[in-house]
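data31.txt (compact mmCIF, C-alpha atoms) appears below.
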```txt
# COMPACT_ATOMS: atom_id res chain seq x y z
CA MET A 1 20.33 111.63 77.14
CA SER A 2 23.87 110.27 76.76
CA PRO A 3 23.10 106.94 78.50
CA ALA A 4 20.17 106.41 76.14
CA ILE A 5 22.36 107.11 73.11
CA ALA A 6 25.03 104.77 74.45
CA LEU A 7 22.44 102.03 74.94
CA GLY A 8 21.24 102.66 71.41
CA PHE A 9 24.68 101.87 70.02
CA VAL A 10 24.86 98.76 72.21
CA GLY A 11 21.58 97.68 70.66
CA LEU A 12 22.97 98.31 67.18
CA ALA A 13 26.02 96.20 68.01
CA ILE A 14 23.79 93.33 69.15
CA ALA A 15 21.73 93.66 65.97
CA ASP A 16 24.88 93.62 63.85
CA LEU A 17 26.10 90.50 65.64
CA ALA A 18 22.75 88.80 65.08
CA TRP A 19 22.88 89.71 61.38
CA TYR A 20 26.39 88.29 61.11
CA LEU A 21 25.52 85.03 62.86
CA THR A 22 22.42 84.62 60.70
CA ASN A 23 23.90 85.49 57.33
CA GLN A 24 27.39 84.05 57.80
CA PRO A 25 27.05 80.97 60.01
CA LEU A 26 30.18 79.12 61.10
CA PRO A 27 30.63 75.87 59.12
CA SER A 28 29.97 72.84 61.30
CA ASP A 29 33.18 71.17 60.13
CA GLY A 30 35.33 74.27 60.60
CA SER A 31 38.79 74.05 62.17
CA ILE A 32 40.17 76.10 65.06
CA ALA A 33 41.72 78.43 62.50
CA ASP A 34 38.29 78.86 60.91
CA LEU A 35 36.80 79.68 64.31
CA VAL A 36 39.48 82.29 65.00
CA ASP A 37 38.93 83.82 61.58
CA TYR A 38 35.16 83.80 62.13
CA VAL A 39 35.39 85.61 65.47
CA PHE A 40 37.94 88.16 64.31
CA GLN A 41 35.93 88.96 61.20
CA ILE A 42 33.10 90.38 63.32
CA LEU A 43 35.26 91.84 66.10
CA PRO A 44 36.27 95.07 64.29
CA ALA A 45 32.63 95.73 63.38
CA MET A 46 31.48 95.26 66.97
CA VAL A 47 34.22 97.53 68.27
CA ALA A 48 33.43 100.24 65.74
CA ILE A 49 29.75 100.31 66.69
CA LEU A 50 30.53 100.32 70.41
CA LEU A 51 33.05 103.19 70.29
CA PRO A 52 30.42 105.94 70.67
CA ALA A 53 28.83 103.94 73.49
CA ILE A 54 32.04 103.58 75.49
CA LEU A 55 32.99 107.22 74.87
CA LEU A 56 29.61 108.45 76.12
CA THR A 57 29.75 106.06 79.07
CA ARG A 58 33.13 107.37 80.19
CA HIS A 59 32.34 110.99 79.23
CA PRO A 60 28.57 111.62 79.31
CA ASP A 61 29.02 115.22 78.15
CA ALA A 62 31.33 114.35 75.25
CA ALA A 63 28.89 116.00 72.85
CA ARG A 64 29.71 119.34 74.49
CA ARG A 65 33.33 118.86 75.49
CA ALA A 66 34.62 116.69 72.63
CA PRO A 67 32.11 117.03 69.75
CA VAL A 68 34.59 116.29 66.97
CA LEU A 69 35.78 113.13 68.71
CA LEU A 70 32.22 111.96 69.27
CA PHE A 71 31.36 112.69 65.64
CA GLY A 72 34.37 110.66 64.53
CA THR A 73 33.32 107.63 66.55
CA ILE A 74 29.75 107.86 65.22
CA LEU A 75 31.00 108.21 61.64
CA PHE A 76 33.29 105.21 62.15
CA ALA A 77 30.40 103.20 63.61
CA SER A 78 28.15 104.03 60.65
CA VAL A 79 30.50 102.17 58.31
CA GLN A 80 29.11 98.84 59.51
CA GLY A 81 25.61 99.85 58.48
CA LEU A 82 26.91 100.89 55.07
CA ILE A 83 28.65 97.53 54.66
CA ILE A 84 25.44 95.63 55.40
CA LEU A 85 23.50 97.94 53.09
CA ASN A 86 26.08 97.39 50.37
CA GLY A 87 25.52 93.65 50.45
CA GLU A 88 21.76 94.01 50.33
CA LEU A 89 21.85 96.42 47.38
CA GLN A 90 24.06 94.43 45.02
CA GLU A 91 21.18 93.27 42.84
CA PHE A 92 19.81 96.80 42.72
CA PHE A 93 23.19 98.20 41.74
CA ALA A 94 23.49 95.63 38.95
CA SER A 95 20.03 96.52 37.65
CA VAL A 96 20.54 100.29 37.54
CA SER A 97 24.11 100.15 36.22
CA PRO A 98 24.86 96.77 34.65
CA PRO A 99 28.51 95.94 34.00
CA SER A 100 29.93 96.12 30.50
CA ALA A 101 30.90 93.05 28.52
CA GLU A 102 34.57 94.08 28.70
CA LEU A 103 34.51 94.52 32.50
CA PRO A 104 31.89 92.08 33.84
CA PHE A 105 33.26 92.37 37.38
CA LEU A 106 32.84 96.15 37.54
CA ILE A 107 29.38 97.40 38.51
CA PRO A 108 29.54 101.22 38.45
CA ALA A 109 26.92 101.90 41.14
CA ALA A 110 28.42 99.30 43.47
CA THR A 111 31.88 100.76 42.89
CA VAL A 112 30.69 104.25 43.80
CA PHE A 113 29.09 102.90 46.96
CA ASN A 114 32.31 101.08 47.88
CA VAL A 115 34.18 104.36 47.47
CA LEU A 116 31.68 105.95 49.89
CA VAL A 117 32.29 103.18 52.43
CA SER A 118 36.07 103.54 52.17
CA LEU A 119 35.96 107.31 52.52
CA THR A 120 33.58 107.11 55.47
CA THR A 121 35.99 104.73 57.21
CA ALA A 122 38.97 106.98 56.58
CA PHE A 123 37.17 110.16 57.62
CA GLY A 124 35.85 108.47 60.75
CA VAL A 125 39.38 107.56 61.83
CA ALA A 126 40.67 111.00 60.86
CA TYR A 127 37.96 112.77 62.87
CA ILE A 128 38.79 110.60 65.88
CA ALA A 129 42.41 111.68 65.54
CA VAL A 130 41.47 115.35 65.15
CA GLY A 131 39.13 115.10 68.12
CA LEU A 132 41.87 113.64 70.30
CA SER A 133 44.30 116.36 69.27
CA GLN A 134 41.76 119.07 70.11
CA VAL A 135 41.24 117.95 73.70
CA ARG A 136 44.93 117.72 74.56
CA ARG A 137 46.07 119.90 77.45
CA HIS A 138 49.88 119.82 77.18
CA GLU A 139 52.40 121.04 74.65
CA ASP A 140 54.24 118.57 72.43
CA ARG A 141 57.36 117.09 73.94
CA GLY A 142 59.93 115.31 71.78
CA ALA A 143 57.42 114.57 69.03
CA THR A 144 59.23 116.12 66.08
CA LEU A 145 59.63 112.87 64.15
CA THR A 146 55.92 112.06 64.35
CA VAL A 147 55.24 114.90 61.92
CA ALA A 148 56.85 112.81 59.17
CA PHE A 149 54.77 109.70 59.90
CA VAL A 150 51.84 110.42 57.63
CA PRO A 151 53.65 111.59 54.46
CA ALA A 152 56.25 108.82 54.78
CA VAL A 153 53.64 106.08 55.10
CA ALA A 154 51.54 107.65 52.35
CA MET A 155 54.47 107.57 49.94
CA LEU A 156 55.31 103.97 50.78
CA ALA A 157 51.66 102.93 50.45
CA THR A 158 51.44 104.63 47.07
CA MET A 159 54.52 102.84 45.76
CA VAL A 160 53.35 99.46 47.04
CA GLY A 161 49.86 100.05 45.68
CA VAL A 162 51.13 100.94 42.21
CA ILE A 163 53.45 97.91 42.14
CA SER A 164 50.65 95.66 43.35
CA VAL A 165 48.26 96.89 40.66
CA GLY A 166 50.95 96.46 38.04
CA GLN A 167 51.25 92.77 38.91
CA ILE A 168 47.55 91.98 38.47
CA ASP A 169 46.93 89.59 35.60
CA PHE A 170 43.84 90.68 33.70
CA GLY A 171 44.20 88.02 31.04
CA ASP A 172 42.60 89.13 27.79
CA THR A 173 40.93 92.15 29.36
CA PRO A 174 42.28 95.31 27.68
CA MET A 175 43.48 98.26 29.74
CA SER A 176 40.62 100.65 29.03
CA PRO A 177 40.28 104.16 30.52
CA THR A 178 37.52 102.86 32.80
CA LEU A 179 39.71 100.09 34.16
CA ALA A 180 42.64 102.47 34.60
CA ILE A 181 40.46 104.89 36.57
CA TYR A 182 39.13 102.04 38.70
CA LEU A 183 42.63 100.83 39.53
CA GLY A 184 43.83 104.36 40.23
CA VAL A 185 40.93 105.04 42.58
CA SER A 186 41.62 101.75 44.38
CA VAL A 187 45.22 102.77 45.00
CA VAL A 188 44.21 106.25 46.19
CA LEU A 189 41.59 104.86 48.57
CA GLY A 190 44.14 102.46 50.02
CA VAL A 191 46.57 105.32 50.60
CA ILE A 192 43.88 107.49 52.21
CA ARG A 193 42.84 104.70 54.55
CA ILE A 194 46.32 103.84 55.80
CA SER A 195 47.17 107.56 56.04
CA ALA A 196 44.18 108.13 58.32
CA TRP A 197 45.31 105.38 60.69
CA THR A 198 48.87 106.72 60.54
CA TYR A 199 47.58 110.15 61.50
CA LEU A 200 45.82 108.57 64.47
CA ALA A 201 49.06 106.83 65.44
CA ALA A 202 50.93 110.14 65.23
CA VAL A 203 48.34 111.95 67.37
CA ALA A 204 48.36 109.17 69.97
CA THR A 205 52.16 109.14 70.04
CA ARG A 206 52.37 112.89 70.52
CA GLY A 207 49.79 112.75 73.29
CA TRP A 208 51.61 109.95 75.06
CA LEU A 209 54.97 111.73 74.79
CA ALA A 210 53.40 114.90 76.20
CA ASP A 211 52.15 112.98 79.28
CA GLU A 212 48.51 113.39 78.40
CA GLN A 213 46.17 111.41 80.61
CA PRO A 214 45.31 108.65 80.86
CA ALA A 215 48.75 107.49 79.75
CA SER A 216 47.49 103.95 79.28
CA GLY A 217 44.76 105.22 76.95
CA TRP A 218 47.16 107.12 74.71
CA GLY A 219 49.52 104.14 74.75
CA LEU A 220 46.73 101.79 73.73
CA GLY A 221 45.87 104.24 70.96
CA ILE A 222 49.41 103.85 69.62
CA VAL A 223 49.13 100.06 69.78
CA ALA A 224 45.71 100.11 68.12
CA ALA A 225 46.74 102.26 65.19
CA GLY A 226 50.03 100.41 64.83
CA LEU A 227 48.33 97.01 64.58
CA VAL A 228 45.80 98.23 62.03
CA ILE A 229 48.56 99.85 59.97
CA ALA A 230 50.46 96.56 60.09
CA ALA A 231 47.36 94.69 58.89
CA LEU A 232 46.78 97.11 56.02
CA ALA A 233 50.46 96.96 55.10
CA LEU A 234 50.31 93.16 54.98
CA VAL A 235 47.28 93.36 52.71
CA ASN A 236 49.14 95.65 50.31
CA LEU A 237 52.33 93.60 50.43
CA GLY A 238 50.34 90.48 49.62
CA GLY A 239 49.82 91.87 46.13
CA VAL A 240 53.52 92.54 45.69
CA ILE A 241 54.91 89.31 47.14
CA PRO A 242 52.39 86.56 46.30
CA LEU A 243 52.61 83.40 48.38
CA THR A 244 52.35 80.14 46.48
CA ASP A 245 52.46 77.81 49.49
CA GLU A 246 48.94 77.15 50.75
CA THR A 247 49.95 76.90 54.42
CA ALA A 248 52.00 80.08 54.30
CA ASN A 249 49.18 81.88 52.53
CA SER A 250 46.72 80.73 55.19
CA LEU A 251 48.99 81.87 58.03
CA TYR A 252 49.50 85.18 56.26
CA GLY A 253 45.75 85.70 56.11
CA ILE A 254 45.33 84.80 59.77
CA ALA A 255 48.06 87.29 60.70
CA ILE A 256 46.16 90.04 58.88
CA VAL A 257 42.86 89.17 60.56
CA LEU A 258 44.46 89.00 64.02
CA ALA A 259 46.35 92.28 63.64
CA TYR A 260 43.25 94.07 62.39
CA GLY A 261 41.04 92.58 65.10
CA PHE A 262 43.42 93.18 68.00
CA GLY A 263 44.04 96.69 66.70
CA HIS A 264 40.36 97.53 66.97
CA LEU A 265 40.16 95.82 70.35
CA ALA A 266 43.05 97.97 71.60
CA LEU A 267 41.22 101.08 70.37
CA PHE A 268 38.15 100.07 72.35
CA ALA A 269 40.33 99.45 75.41
CA ALA A 270 41.87 102.91 75.01
CA PHE A 271 38.46 104.56 75.29
CA ALA A 272 37.42 102.13 78.02
CA VAL A 273 40.24 103.31 80.29
CA GLY A 274 39.10 106.90 79.84
CA LEU A 275 40.81 108.25 76.72
CA PRO A 276 40.93 111.21 76.60
CA ALA A 277 40.99 113.00 79.94
CA LEU A 278 38.88 116.11 79.43
CA ASP A 279 39.17 119.45 81.19
CA GLY A 280 38.28 119.15 84.84
CA GLU A 281 39.21 115.49 85.11
CA ILE A 282 42.07 114.46 87.35
CA ASP A 283 44.66 111.89 86.30
CA GLY A 284 42.47 110.56 83.54
CA GLU A 285 39.50 109.83 85.79
CA SER A 286 36.32 110.30 83.80
CA ASP A 287 33.24 112.14 84.95
CA ARG A 288 30.95 109.21 85.52
```
Could you quickly redo this structure as structure tokens?
Amino acid sequence: MSPAIALGFVGLAIADLAWYLTNQPLPSDGSIADLVDYVFQILPAMVAILLPAILLTRHPDAARRAPVLLFGTILFASVQGLIILNGELQEFFASVSPPSAELPFLIPAATVFNVLVSLTTAFGVAYIAVGLSQVRRHEDRGATLTVAFVPAVAMLATMVGVISVGQIDFGDTPMSPTLAIYLGVSVVLGVIRISAWTYLAAVATRGWLADEQPASGWGLGIVAAGLVIAALALVNLGGVIPLTDETANSLYGIAIVLAYGFGHLALFAAFAVGLPALDGEIDGESDR
């Protein structure tokens, strides 16, 4: 059954790629930078959808031996479907909950759906982290400082988020309760998202320090989470330190896209090398 499920996710990844190529074609006069951006825009989505496939390929009985981890990868993969659905439902959202004259950019139904997408992403990453921690076989070793990772990053993200929101120029738009709630929710969602990836980084670090196998898989997990955290941090800092130079702004955007894309690629590589070694496996070798 597991091979069939894995193939199903491969099929979904191919379908997602086809949808992307059809709906967002690469401009014929695009530069090399545009090509890089185009490829790395779809890369995280492809990786997310393929995570359950690679996990089930390396560990066919993951549903029994690592159910929380498998659930996390499936939840993370489902985000891509929600993103596509979100785009297709924009007109419907506008019809059932039209924006107000004061806030023409804010469609209530679409905002609620975006919150769902953000929370699904964060919970998917968090469940992956919890699943990895549950299948560990060794006690922590020298990992005391990792306990402070999540709260420290959460506090920094909150401060940066609040400062970033405070610098937004709304022009003549008054600060209504609705707008205040919207901005507050945006900050909270940003904090939750980066906290989830930080938790994954902490779990991977503790596993690597405890000599969990395969060591390369846990190490790649650290790299993956670290790169994504860096990308999210750059996004948040962009609102605090705006770049006026067009070239610098373009390079800044490319750095974000590359960090986010390579982070997801490293996460895929971590599972591809056998992360995590389950009970009964020797030196990280999976039960293929």
Rows by chain and residue number, stretch 56-124 of chain A within 10 Å of stretch 10-20 of chain A, shortest pair, only C-alpha atoms, as a tab-separated table:
```
residue	atom	partner	partner_atom	distance
A:Ala77	CA	A:Ala13	CA	9.4
A:Gln80	CA	A:Asp16	CA	8.0
A:Gly81	CA	A:Asp16	CA	8.3
A:Ile84	CA	A:Asp16	CA	8.7
```
Practice task
Could you please determine the separation between atom CA of A:Ser118 and atom CA of A:Tyr252 in Å, to one decimal place?
Solution key: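 Going from atom CA of A:Ser118 over to atom CA of A:Tyr252, I get 23.1 Å.
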Kindly assemble as CSV a list of the stretch 20-97 of chain A residues that lie within 12 Å of stretch 190-208 of chain A, each paired with its nearest atom pair and their distance in Å to one decimal, using all atoms listed in the file, sorted first by chain and then by ascending residue number.
```
residue,atom,partner,partner_atom,distance
A:Leu69,CA,A:Leu200,CA,11.8
A:Gly72,CA,A:Leu200,CA,11.6
A:Phe76,CA,A:Ala196,CA,11.9
```
The centre and edge lengths of an axis-aligned box containing all atoms of stretch 226-244 of chain A present in the file, extended by 4 Å on each side, are to be given in Å to one decimal, as AutoDock Vina command-line options.
```
--center_x 50.4 --center_y 90.3 --center_z 55.3 --size_x 17.1 --size_y 28.3 --size_z 27.1
```
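Using only C-alpha atoms, the residues found no farther than 12 Å from A:Asp211, other than those of its own chain fewer than 2 positions away, are A:Arg136, A:Arg137, A:His138, A:Glu139, A:Asp140, A:Arg141, A:Gly142, A:Ala143, A:Ala204, A:Thr205, A:Arg206, A:Gly207, A:Trp208, A:Leu209, A:Gln213, A:Pro214, A:Ala215, A:Ser216, A:Gly217, A:Trp218, A:Gly219, A:Pro276, A:Ala277, A:Asp283, A:Gly284.
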